[in-house]
file data-v3.cif (mmCIF, C-alpha atoms and all ligand atoms)
data_final
#
loop_
_atom_site.label_atom_id
_atom_site.label_comp_id
_atom_site.auth_asym_id
_atom_site.auth_seq_id
_atom_site.Cartn_x
_atom_site.Cartn_y
_atom_site.Cartn_z
CA MET A 1 -56.29 156.17 138.73
CA SER A 2 -53.25 154.04 139.67
CA ILE A 3 -50.32 155.65 141.49
CA ARG A 4 -48.24 155.36 138.31
CA ASP A 5 -50.96 156.97 136.17
CA GLU A 6 -51.30 159.68 138.77
CA LYS A 7 -47.56 160.41 138.67
CA ASN A 8 -47.49 160.52 134.85
CA HIS A 9 -50.53 162.74 134.82
CA GLU A 10 -48.98 165.16 137.31
CA THR A 11 -45.70 165.30 135.36
CA SER A 12 -47.48 166.09 132.11
CA TYR A 13 -49.69 168.66 133.88
CA LEU A 14 -46.68 170.51 135.31
CA LYS A 15 -44.98 170.51 131.91
CA GLU A 16 -48.03 172.30 130.47
CA ARG A 17 -48.56 174.50 133.52
CA TRP A 18 -45.08 176.01 133.45
CA GLN A 19 -45.60 176.90 129.83
CA ASN A 20 -48.68 178.84 130.97
CA ARG A 21 -50.95 176.35 129.25
CA SER A 22 -54.35 175.26 130.47
CA GLU A 23 -55.39 171.63 130.76
CA ILE A 24 -58.91 172.29 129.60
CA ILE A 25 -58.01 173.85 126.26
CA PRO A 26 -56.12 171.84 123.61
CA PRO A 27 -52.49 173.13 123.44
CA ASP A 28 -52.54 173.92 119.70
CA ILE A 29 -55.64 176.10 120.15
CA GLU A 30 -54.12 177.85 123.12
CA ASP A 31 -50.83 178.48 121.29
CA PHE A 32 -52.72 179.87 118.29
CA THR A 33 -54.86 182.22 120.40
CA SER A 34 -51.89 183.26 122.52
CA LYS A 35 -49.99 184.32 119.38
CA PHE A 36 -53.09 186.06 118.02
CA ASN A 37 -53.96 188.00 121.18
CA GLU A 38 -52.15 191.31 121.50
CA ARG A 39 -50.92 192.23 124.95
CA GLU A 40 -48.51 194.62 126.58
CA HIS A 41 -44.84 193.73 126.37
CA LEU A 42 -44.61 193.71 130.19
CA LEU A 43 -47.36 191.08 130.44
CA LYS A 44 -45.42 188.88 128.01
CA GLU A 45 -42.30 189.37 130.12
CA MET A 46 -44.28 188.30 133.21
CA GLU A 47 -45.49 185.18 131.41
CA GLN A 48 -41.85 184.37 130.68
CA TYR A 49 -40.87 185.09 134.30
CA ALA A 50 -43.64 182.78 135.57
CA SER A 51 -42.56 180.04 133.22
CA GLU A 52 -38.88 180.26 134.12
CA ASN A 53 -39.43 180.61 137.88
CA LYS A 54 -42.33 178.17 138.07
CA VAL A 55 -44.79 180.52 139.72
CA PRO A 56 -48.47 180.21 138.91
CA ILE A 57 -50.18 183.13 137.17
CA LEU A 58 -53.65 183.55 135.77
CA LEU A 59 -53.53 181.73 132.43
CA PRO A 60 -53.11 184.19 129.54
CA SER A 61 -56.40 183.21 127.84
CA ALA A 62 -58.30 183.95 131.07
CA ALA A 63 -56.37 187.20 131.51
CA ARG A 64 -57.57 188.40 128.08
CA PHE A 65 -61.14 187.63 129.13
CA LEU A 66 -60.63 189.50 132.41
CA GLN A 67 -59.46 192.50 130.41
CA ILE A 68 -62.59 192.41 128.23
CA ILE A 69 -64.75 192.37 131.36
CA CYS A 70 -62.81 195.32 132.78
CA ARG A 71 -63.17 197.33 129.58
CA SER A 72 -66.90 196.71 129.38
CA LYS A 73 -67.80 197.09 133.10
CA LYS A 74 -65.23 199.80 133.93
CA PRO A 75 -64.98 198.96 137.65
CA VAL A 76 -63.53 201.75 139.75
CA ASN A 77 -62.92 199.94 143.02
CA ILE A 78 -61.33 196.49 142.62
CA LEU A 79 -60.36 193.89 145.23
CA GLU A 80 -58.00 191.09 144.23
CA ILE A 81 -57.35 188.04 146.37
CA GLY A 82 -54.14 186.26 145.34
CA THR A 83 -51.76 188.89 143.90
CA GLY A 84 -49.07 186.37 142.95
CA ILE A 85 -46.53 188.25 140.84
CA GLY A 86 -49.20 190.76 139.80
CA TYR A 87 -49.97 189.40 136.32
CA SER A 88 -53.75 189.56 136.75
CA THR A 89 -53.40 192.85 138.66
CA LEU A 90 -51.58 194.44 135.74
CA SER A 91 -53.89 192.84 133.18
CA MET A 92 -56.78 194.70 134.85
CA LEU A 93 -54.82 197.94 135.22
CA PHE A 94 -53.69 197.97 131.58
CA ALA A 95 -57.27 197.29 130.41
CA LEU A 96 -58.55 200.19 132.53
CA GLU A 97 -55.56 202.43 131.72
CA GLY A 98 -55.01 202.77 135.46
CA LYS A 99 -58.38 204.48 135.97
CA CYS A 100 -59.29 202.35 138.99
CA HIS A 101 -58.25 201.71 142.56
CA VAL A 102 -56.92 198.20 143.15
CA THR A 103 -56.42 196.57 146.56
CA SER A 104 -54.60 193.26 146.21
CA VAL A 105 -53.78 190.71 148.93
CA ASP A 106 -51.32 187.83 149.13
CA PHE A 107 -49.69 186.01 152.04
CA ASN A 108 -46.54 185.18 150.08
CA ILE A 109 -44.05 188.02 150.69
CA GLU A 110 -41.65 186.94 147.92
CA ARG A 111 -44.42 187.16 145.32
CA ILE A 112 -45.63 190.50 146.69
CA LYS A 113 -42.08 191.86 146.24
CA VAL A 114 -41.96 190.69 142.61
CA ALA A 115 -45.45 192.11 141.98
CA ARG A 116 -44.44 195.45 143.49
CA GLU A 117 -41.49 195.65 141.11
CA PHE A 118 -43.56 194.86 137.99
CA ILE A 119 -46.30 197.31 139.04
CA LYS A 120 -43.70 200.04 139.57
CA ARG A 121 -42.26 199.40 136.12
CA ALA A 122 -45.73 199.69 134.60
CA GLY A 123 -46.14 203.06 136.33
CA PHE A 124 -49.32 202.16 138.22
CA SER A 125 -50.10 202.27 141.89
CA VAL A 126 -51.80 199.44 143.81
CA ASN A 127 -52.67 199.00 147.46
CA LEU A 128 -50.65 195.79 147.94
CA ILE A 129 -51.32 193.99 151.21
CA PHE A 130 -49.20 191.20 152.65
CA ASP A 131 -51.61 189.21 154.82
CA ASP A 132 -53.97 186.27 154.88
CA SER A 133 -56.95 187.26 152.76
CA PHE A 134 -59.36 185.99 155.44
CA ASN A 135 -58.05 188.70 157.82
CA ILE A 136 -58.36 191.40 155.20
CA VAL A 137 -61.82 190.36 154.06
CA ARG A 138 -62.99 190.39 157.70
CA GLU A 139 -61.48 193.84 158.18
CA LEU A 140 -63.03 195.22 154.97
CA LEU A 141 -66.44 193.86 155.97
CA SER A 142 -66.23 195.48 159.39
CA LYS A 143 -65.40 198.81 157.75
CA GLY A 144 -68.40 198.48 155.40
CA ALA A 145 -66.17 198.56 152.29
CA THR A 146 -67.69 197.55 148.94
CA PHE A 147 -66.21 196.89 145.50
CA ASP A 148 -67.35 197.06 141.87
CA MET A 149 -65.26 194.02 141.04
CA ILE A 150 -63.59 191.26 143.05
CA PHE A 151 -61.14 188.86 141.46
CA VAL A 152 -60.36 185.75 143.49
CA ASP A 153 -57.34 183.67 142.47
CA SER A 154 -56.19 181.99 145.67
CA MET A 155 -56.78 178.52 147.16
CA LYS A 156 -59.71 176.89 145.40
CA SER A 157 -60.50 174.64 148.37
CA GLU A 158 -61.08 177.84 150.41
CA TYR A 159 -63.58 179.41 148.02
CA ILE A 160 -66.49 177.89 149.88
CA PHE A 161 -65.41 179.63 153.10
CA MET A 162 -64.88 182.93 151.29
CA ASN A 163 -68.01 183.00 149.19
CA TYR A 164 -70.61 184.70 151.46
CA LYS A 165 -68.10 187.34 152.45
CA ILE A 166 -67.15 188.11 148.86
CA GLN A 167 -70.80 188.54 147.97
CA ALA A 168 -71.28 190.88 150.92
CA LEU A 169 -68.34 192.99 149.70
CA LEU A 170 -69.82 193.35 146.20
CA LYS A 171 -71.74 196.48 145.28
CA PRO A 172 -75.16 195.94 143.64
CA GLY A 173 -74.39 195.58 139.92
CA GLY A 174 -70.87 194.42 140.82
CA ILE A 175 -69.09 191.36 139.52
CA ALA A 176 -66.95 188.72 141.24
CA ILE A 177 -64.73 186.32 139.33
CA PHE A 178 -63.26 183.14 140.81
CA ASP A 179 -60.42 181.44 138.93
CA ASN A 180 -59.61 177.69 138.74
CA VAL A 181 -63.17 176.50 139.33
CA LEU A 182 -62.75 173.67 136.80
CA PHE A 183 -59.42 172.67 138.38
CA ARG A 184 -57.77 171.11 135.31
CA GLY A 185 -61.15 169.59 134.43
CA TYR A 186 -61.07 167.39 137.56
CA VAL A 187 -64.41 168.71 138.82
CA CYS A 188 -66.05 167.15 135.74
CA ASN A 189 -64.31 163.77 135.55
CA ASN A 190 -61.68 161.47 137.09
CA HIS A 191 -59.18 162.99 139.42
CA PRO A 192 -56.10 161.77 141.29
CA PRO A 193 -57.05 160.60 144.82
CA LYS A 194 -54.80 163.20 146.45
CA TYR A 195 -57.16 165.96 145.25
CA ARG A 196 -60.33 164.27 146.54
CA LYS A 197 -60.85 166.70 149.43
CA SER A 198 -60.20 169.91 147.48
CA ILE A 199 -62.44 168.76 144.64
CA LYS A 200 -65.20 167.92 147.09
CA LEU A 201 -64.97 171.44 148.57
CA LEU A 202 -64.82 173.05 145.13
CA LYS A 203 -67.88 171.12 143.95
CA MET A 204 -69.70 172.06 147.14
CA PHE A 205 -68.86 175.73 146.49
CA LEU A 206 -70.17 175.50 142.92
CA SER A 207 -73.44 173.87 143.94
CA HIS A 208 -74.03 176.31 146.85
CA VAL A 209 -73.28 179.43 144.87
CA LYS A 210 -75.92 178.55 142.28
CA THR A 211 -78.68 178.57 144.88
CA TYR A 212 -78.08 182.09 146.26
CA PRO A 213 -80.74 184.69 145.52
CA GLY A 214 -79.90 188.03 143.90
CA ILE A 215 -76.98 186.85 141.81
CA THR A 216 -76.41 185.33 138.38
CA THR A 217 -73.68 182.72 138.03
CA SER A 218 -71.87 181.42 134.94
CA ILE A 219 -68.85 179.18 134.45
CA ILE A 220 -66.68 180.11 131.49
CA PRO A 221 -64.36 177.26 130.37
CA ILE A 222 -61.30 179.39 129.76
CA GLY A 223 -57.88 179.22 131.46
CA ASP A 224 -58.57 176.86 134.36
CA GLY A 225 -62.29 177.79 134.45
CA LEU A 226 -63.72 181.12 135.59
CA LEU A 227 -66.85 181.46 137.70
CA ILE A 228 -68.57 184.80 137.14
CA ILE A 229 -70.97 186.11 139.76
CA GLU A 230 -73.06 189.16 138.85
CA LYS A 231 -74.87 190.81 141.75
CA GLN A 232 -78.20 192.27 140.76
CA ASP A 233 -78.66 196.01 140.88
C1 LIG A 301 -52.36 181.39 141.36
S1 LIG A 301 -51.52 182.46 142.41
C2 LIG A 301 -52.13 184.03 141.93
C3 LIG A 301 -51.67 184.48 140.59
C4 LIG A 301 -51.96 185.93 140.28
N1 LIG A 301 -53.37 186.19 140.27
C5 LIG A 301 -51.32 186.32 138.96
O1 LIG A 301 -52.00 186.27 137.92
O2 LIG A 301 -50.13 186.67 138.99
C6 LIG A 301 -52.36 182.24 143.93
C7 LIG A 301 -51.84 183.15 145.03
O3 LIG A 301 -52.78 183.13 146.09
C8 LIG A 301 -52.05 183.28 147.30
N2 LIG A 301 -52.94 182.80 148.39
C9 LIG A 301 -53.52 181.58 148.53
N3 LIG A 301 -54.30 181.55 149.62
C10 LIG A 301 -54.20 182.79 150.20
C11 LIG A 301 -54.76 183.37 151.37
N4 LIG A 301 -55.59 182.69 152.18
N5 LIG A 301 -54.44 184.67 151.64
C12 LIG A 301 -53.61 185.38 150.84
N6 LIG A 301 -53.04 184.87 149.71
C13 LIG A 301 -53.34 183.59 149.40
C14 LIG A 301 -50.78 182.47 147.10
O4 LIG A 301 -49.75 182.91 147.94
C15 LIG A 301 -50.50 182.71 145.60
O5 LIG A 301 -49.53 183.71 145.39
#
call {"tool": "encode", "arguments": {"input": "data-v3.cif", "output": "structure tokens", "more": "lines below"}}
Ligand SMILES: C[S@@+](CC[C@H](N)C(=O)[O-])C[C@H]1O[C@@H](n2cnc3c(N)ncnc32)[C@H](O)[C@@H]1O
result
Amino acid sequence: MSIRDEKNHETSYLKERWQNRSEIIPPDIEDFTSKFNEREHLLKEMEQYASENKVPILLPSAARFLQIICRSKKPVNILEIGTGIGYSTLSMLFALEGKCHVTSVDFNIERIKVAREFIKRAGFSVNLIFDDSFNIVRELLSKGATFDMIFVDSMKSEYIFMNYKIQALLKPGGIAIFDNVLFRGYVCNNHPPKYRKSIKLLKMFLSHVKTYPGITTSIIPIGDGLLIIEKQD
């Protein structure tokens, strides 16, 4: 990819991204499904907030899928890595009608503040932690904590360093979901040179995770690509 192509590509990506559109789903299909899919008014307001303030949220199509998983698995104890403005947090809470305990971590204080406000307006309570997730994961492991569901939506190039620990924090029968594993489709085809290192790490994560015993892995091409890990009972 030439520098000019790379620049054009990035500009067109950001245009889509700040409209909460994926790059792996054709825009007309995403617009159609987004109109079709019912969701709480507050979630729509958060989508608008993310678009106007250019903050990344879980893409709405992936959020609907996350809600379906929540309604079918009914996790009680949930860990979220990458709170952002709390869009995915509230998607899970609405799906479970608040009948769960969510611990959510982010190292961006401004986003935590916005998330806290939205969560308060929704009338739910969440254990929101402002810290680097690596510290919190280490602390949770040392306490012997375990979770029914773990949702990871942080830095994709760090997934490989997080993976073993996340699996250790999962209860048998639990489920972990990693967002952005297809990274705009770059893991499958050409990518701008500036992403070479993160794509290498992401690909390494995806090939390692498949070889672990006692888990089932699936990639679902929705949003920016979700990796689902189910730990055997
Ligand atoms: C894509 S955003 C999360 C969006 C959020 N799930 C939502 O739907 O609103 C990724 C977030 O991960 C956070 N993050 C990235 N690496 C982190 C780390 N090592 N520890 C804590 N937070 C991290 C960033 O600050 C950012 O807010």
call {"tool": "closest_residue", "arguments": {"input": "data-v3.cif", "among": "A:Phe183, A:Phe205, A:Trp18, A:Tyr212", "to": "A:Ser51", "atoms": "only C-alpha atoms"}}
result
A:Trp18
call {"tool": "closest_atom_pairs", "arguments": {"input": "data-v3.cif", "of": "stretch 37-130 of chain A", "to": "stretch 163-178 of chain A", "cutoff": "12 Å", "atoms": "all atoms listed in the file", "output": "CSV"}}
result
residue,atom,partner,partner_atom,distance
A:Leu58,CA,A:Phe178,CA,10.9
A:Ala62,CA,A:Ile177,CA,10.7
A:Ala63,CA,A:Ile177,CA,11.5
A:Phe65,CA,A:Ile177,CA,10.9
A:Leu66,CA,A:Ile177,CA,8.6
A:Ile69,CA,A:Ile175,CA,9.3
A:Cys70,CA,A:Ile175,CA,10.0
A:Ser72,CA,A:Ile175,CA,11.7
A:Lys73,CA,A:Ile175,CA,8.7
A:Lys74,CA,A:Gly174,CA,10.4
A:Pro75,CA,A:Gly174,CA,8.1
A:Val76,CA,A:Gly174,CA,10.4
A:Asn77,CA,A:Lys171,CA,9.7
A:Ile78,CA,A:Ala176,CA,9.7
A:Leu79,CA,A:Leu169,CA,9.2
A:Glu80,CA,A:Ile177,CA,9.6
A:Ile81,CA,A:Phe178,CA,9.5
A:Gly82,CA,A:Phe178,CA,10.7
A:Ser88,CA,A:Ile177,CA,11.7
call {"tool": "residues_near_ligand", "arguments": {"input": "data-v3.cif", "ligand": "ligand LIG 301 (chain A)", "cutoff": "7 Å", "atoms": "all atoms listed in the file", "output": "list in words"}}
result
Pro56, Ile57, Leu58, Ile81, Gly82, Thr83, Gly84, Ile85, Gly86, Tyr87, Ser88, Thr89, Val105, Asp106, Phe107, Asn108, Arg111, Asp131, Asp132, Ser133, Phe134, Asp153, Ser154 and Met155 of chain A
call {"tool": "closest_residue", "arguments": {"input": "data-v3.cif", "among": "A:Ile119, A:Met204, A:Leu141, A:Val152", "to": "A:Ile229", "atoms": "all atoms listed in the file"}}
result
A:Val152
call {"tool": "atom_distance", "arguments": {"input": "data-v3.cif", "atom1": "atom CA of A:Ile219", "atom2": "atom CA of A:Asp233"}}
result
20.5 Å
call {"tool": "closest_residue", "arguments": {"input": "data-v3.cif", "among": "A:Pro193, A:Val114, A:Ser157, A:Leu140", "to": "A:Asn53", "atoms": "all atoms listed in the file"}}
result
A:Val114
call {"tool": "atom_distance", "arguments": {"input": "data-v3.cif", "atom1": "atom CA of A:Met46", "atom2": "atom CA of A:Gln19"}}
result
12.0 Å
call {"tool": "build_atoms", "arguments": {"input": "data-v3.cif", "residues": "stretch 84-95 of chain A", "atoms": "all heavy atoms", "output": "PDB file, keeping the file's coordinate frame"}}
result
ATOM      1  N   GLY A  84     -50.151 187.072 143.638  1.00  0.00           N
ATOM      2  CA  GLY A  84     -49.070 186.370 142.950  1.00  0.00           C
ATOM      3  C   GLY A  84     -48.009 187.375 142.550  1.00  0.00           C
ATOM      4  O   GLY A  84     -47.657 188.276 143.310  1.00  0.00           O
ATOM      5  N   ILE A  85     -47.548 187.284 141.291  1.00  0.00           N
ATOM      6  CA  ILE A  85     -46.530 188.250 140.840  1.00  0.00           C
ATOM      7  C   ILE A  85     -47.188 189.466 140.185  1.00  0.00           C
ATOM      8  O   ILE A  85     -46.510 190.292 139.585  1.00  0.00           O
ATOM      9  CB  ILE A  85     -45.509 187.600 139.883  1.00  0.00           C
ATOM     10  CG1 ILE A  85     -46.194 187.077 138.601  1.00  0.00           C
ATOM     11  CG2 ILE A  85     -44.743 186.487 140.589  1.00  0.00           C
ATOM     12  CD1 ILE A  85     -45.219 186.796 137.453  1.00  0.00           C
ATOM     13  N   GLY A  86     -48.512 189.545 140.276  1.00  0.00           N
ATOM     14  CA  GLY A  86     -49.200 190.760 139.800  1.00  0.00           C
ATOM     15  C   GLY A  86     -49.616 190.717 138.332  1.00  0.00           C
ATOM     16  O   GLY A  86     -49.962 191.739 137.748  1.00  0.00           O
ATOM     17  N   TYR A  87     -49.608 189.507 137.748  1.00  0.00           N
ATOM     18  CA  TYR A  87     -49.970 189.400 136.320  1.00  0.00           C
ATOM     19  C   TYR A  87     -51.438 189.768 136.082  1.00  0.00           C
ATOM     20  O   TYR A  87     -51.748 190.568 135.198  1.00  0.00           O
ATOM     21  CB  TYR A  87     -49.668 187.978 135.835  1.00  0.00           C
ATOM     22  CG  TYR A  87     -50.017 187.722 134.389  1.00  0.00           C
ATOM     23  CD1 TYR A  87     -49.233 188.237 133.362  1.00  0.00           C
ATOM     24  CD2 TYR A  87     -51.136 186.961 134.048  1.00  0.00           C
ATOM     25  CE1 TYR A  87     -49.558 187.998 132.029  1.00  0.00           C
ATOM     26  CE2 TYR A  87     -51.451 186.715 132.722  1.00  0.00           C
ATOM     27  CZ  TYR A  87     -50.663 187.237 131.714  1.00  0.00           C
ATOM     28  OH  TYR A  87     -50.989 186.999 130.399  1.00  0.00           O
ATOM     29  N   SER A  88     -52.320 189.207 136.917  1.00  0.00           N
ATOM     30  CA  SER A  88     -53.750 189.560 136.750  1.00  0.00           C
ATOM     31  C   SER A  88     -53.988 191.012 137.164  1.00  0.00           C
ATOM     32  O   SER A  88     -54.791 191.717 136.552  1.00  0.00           O
ATOM     33  CB  SER A  88     -54.633 188.598 137.564  1.00  0.00           C
ATOM     34  OG  SER A  88     -54.106 188.431 138.864  1.00  0.00           O
ATOM     35  N   THR A  89     -53.269 191.466 138.198  1.00  0.00           N
ATOM     36  CA  THR A  89     -53.400 192.850 138.660  1.00  0.00           C
ATOM     37  C   THR A  89     -53.097 193.797 137.491  1.00  0.00           C
ATOM     38  O   THR A  89     -53.874 194.717 137.192  1.00  0.00           O
ATOM     39  CB  THR A  89     -52.376 193.151 139.796  1.00  0.00           C
ATOM     40  OG1 THR A  89     -52.151 191.980 140.550  1.00  0.00           O
ATOM     41  CG2 THR A  89     -52.792 194.303 140.639  1.00  0.00           C
ATOM     42  N   LEU A  90     -51.971 193.547 136.839  1.00  0.00           N
ATOM     43  CA  LEU A  90     -51.580 194.440 135.740  1.00  0.00           C
ATOM     44  C   LEU A  90     -52.456 194.248 134.505  1.00  0.00           C
ATOM     45  O   LEU A  90     -52.691 195.204 133.769  1.00  0.00           O
ATOM     46  CB  LEU A  90     -50.102 194.233 135.392  1.00  0.00           C
ATOM     47  CG  LEU A  90     -49.146 194.989 136.310  1.00  0.00           C
ATOM     48  CD1 LEU A  90     -47.694 194.690 135.966  1.00  0.00           C
ATOM     49  CD2 LEU A  90     -49.376 196.503 136.238  1.00  0.00           C
ATOM     50  N   SER A  91     -52.968 193.048 134.308  1.00  0.00           N
ATOM     51  CA  SER A  91     -53.890 192.840 133.180  1.00  0.00           C
ATOM     52  C   SER A  91     -55.100 193.758 133.352  1.00  0.00           C
ATOM     53  O   SER A  91     -55.551 194.411 132.407  1.00  0.00           O
ATOM     54  CB  SER A  91     -54.365 191.383 133.113  1.00  0.00           C
ATOM     55  OG  SER A  91     -53.274 190.541 132.848  1.00  0.00           O
ATOM     56  N   MET A  92     -55.611 193.837 134.596  1.00  0.00           N
ATOM     57  CA  MET A  92     -56.780 194.700 134.850  1.00  0.00           C
ATOM     58  C   MET A  92     -56.396 196.171 134.702  1.00  0.00           C
ATOM     59  O   MET A  92     -57.114 196.957 134.083  1.00  0.00           O
ATOM     60  CB  MET A  92     -57.352 194.436 136.256  1.00  0.00           C
ATOM     61  CG  MET A  92     -57.923 193.034 136.412  1.00  0.00           C
ATOM     62  SD  MET A  92     -58.772 192.763 137.969  1.00  0.00           S
ATOM     63  CE  MET A  92     -57.435 192.456 139.092  1.00  0.00           C
ATOM     64  N   LEU A  93     -55.245 196.528 135.267  1.00  0.00           N
ATOM     65  CA  LEU A  93     -54.820 197.940 135.220  1.00  0.00           C
ATOM     66  C   LEU A  93     -54.560 198.410 133.790  1.00  0.00           C
ATOM     67  O   LEU A  93     -54.936 199.524 133.424  1.00  0.00           O
ATOM     68  CB  LEU A  93     -53.571 198.116 136.078  1.00  0.00           C
ATOM     69  CG  LEU A  93     -53.884 198.278 137.564  1.00  0.00           C
ATOM     70  CD1 LEU A  93     -52.705 197.879 138.409  1.00  0.00           C
ATOM     71  CD2 LEU A  93     -54.302 199.708 137.876  1.00  0.00           C
ATOM     72  N   PHE A  94     -53.935 197.571 132.976  1.00  0.00           N
ATOM     73  CA  PHE A  94     -53.690 197.970 131.580  1.00  0.00           C
ATOM     74  C   PHE A  94     -55.032 198.150 130.864  1.00  0.00           C
ATOM     75  O   PHE A  94     -55.217 199.112 130.129  1.00  0.00           O
ATOM     76  CB  PHE A  94     -52.845 196.917 130.851  1.00  0.00           C
ATOM     77  CG  PHE A  94     -51.356 197.040 131.095  1.00  0.00           C
ATOM     78  CD1 PHE A  94     -50.608 195.958 131.534  1.00  0.00           C
ATOM     79  CD2 PHE A  94     -50.695 198.256 130.867  1.00  0.00           C
ATOM     80  CE1 PHE A  94     -49.237 196.067 131.747  1.00  0.00           C
ATOM     81  CE2 PHE A  94     -49.310 198.364 131.078  1.00  0.00           C
ATOM     82  CZ  PHE A  94     -48.586 197.269 131.525  1.00  0.00           C
ATOM     83  N   ALA A  95     -55.968 197.206 131.101  1.00  0.00           N
ATOM     84  CA  ALA A  95     -57.270 197.290 130.410  1.00  0.00           C
ATOM     85  C   ALA A  95     -57.998 198.575 130.798  1.00  0.00           C
ATOM     86  O   ALA A  95     -58.701 199.176 129.977  1.00  0.00           O
ATOM     87  CB  ALA A  95     -58.124 196.078 130.763  1.00  0.00           C
TER      88      ALA A  95
END
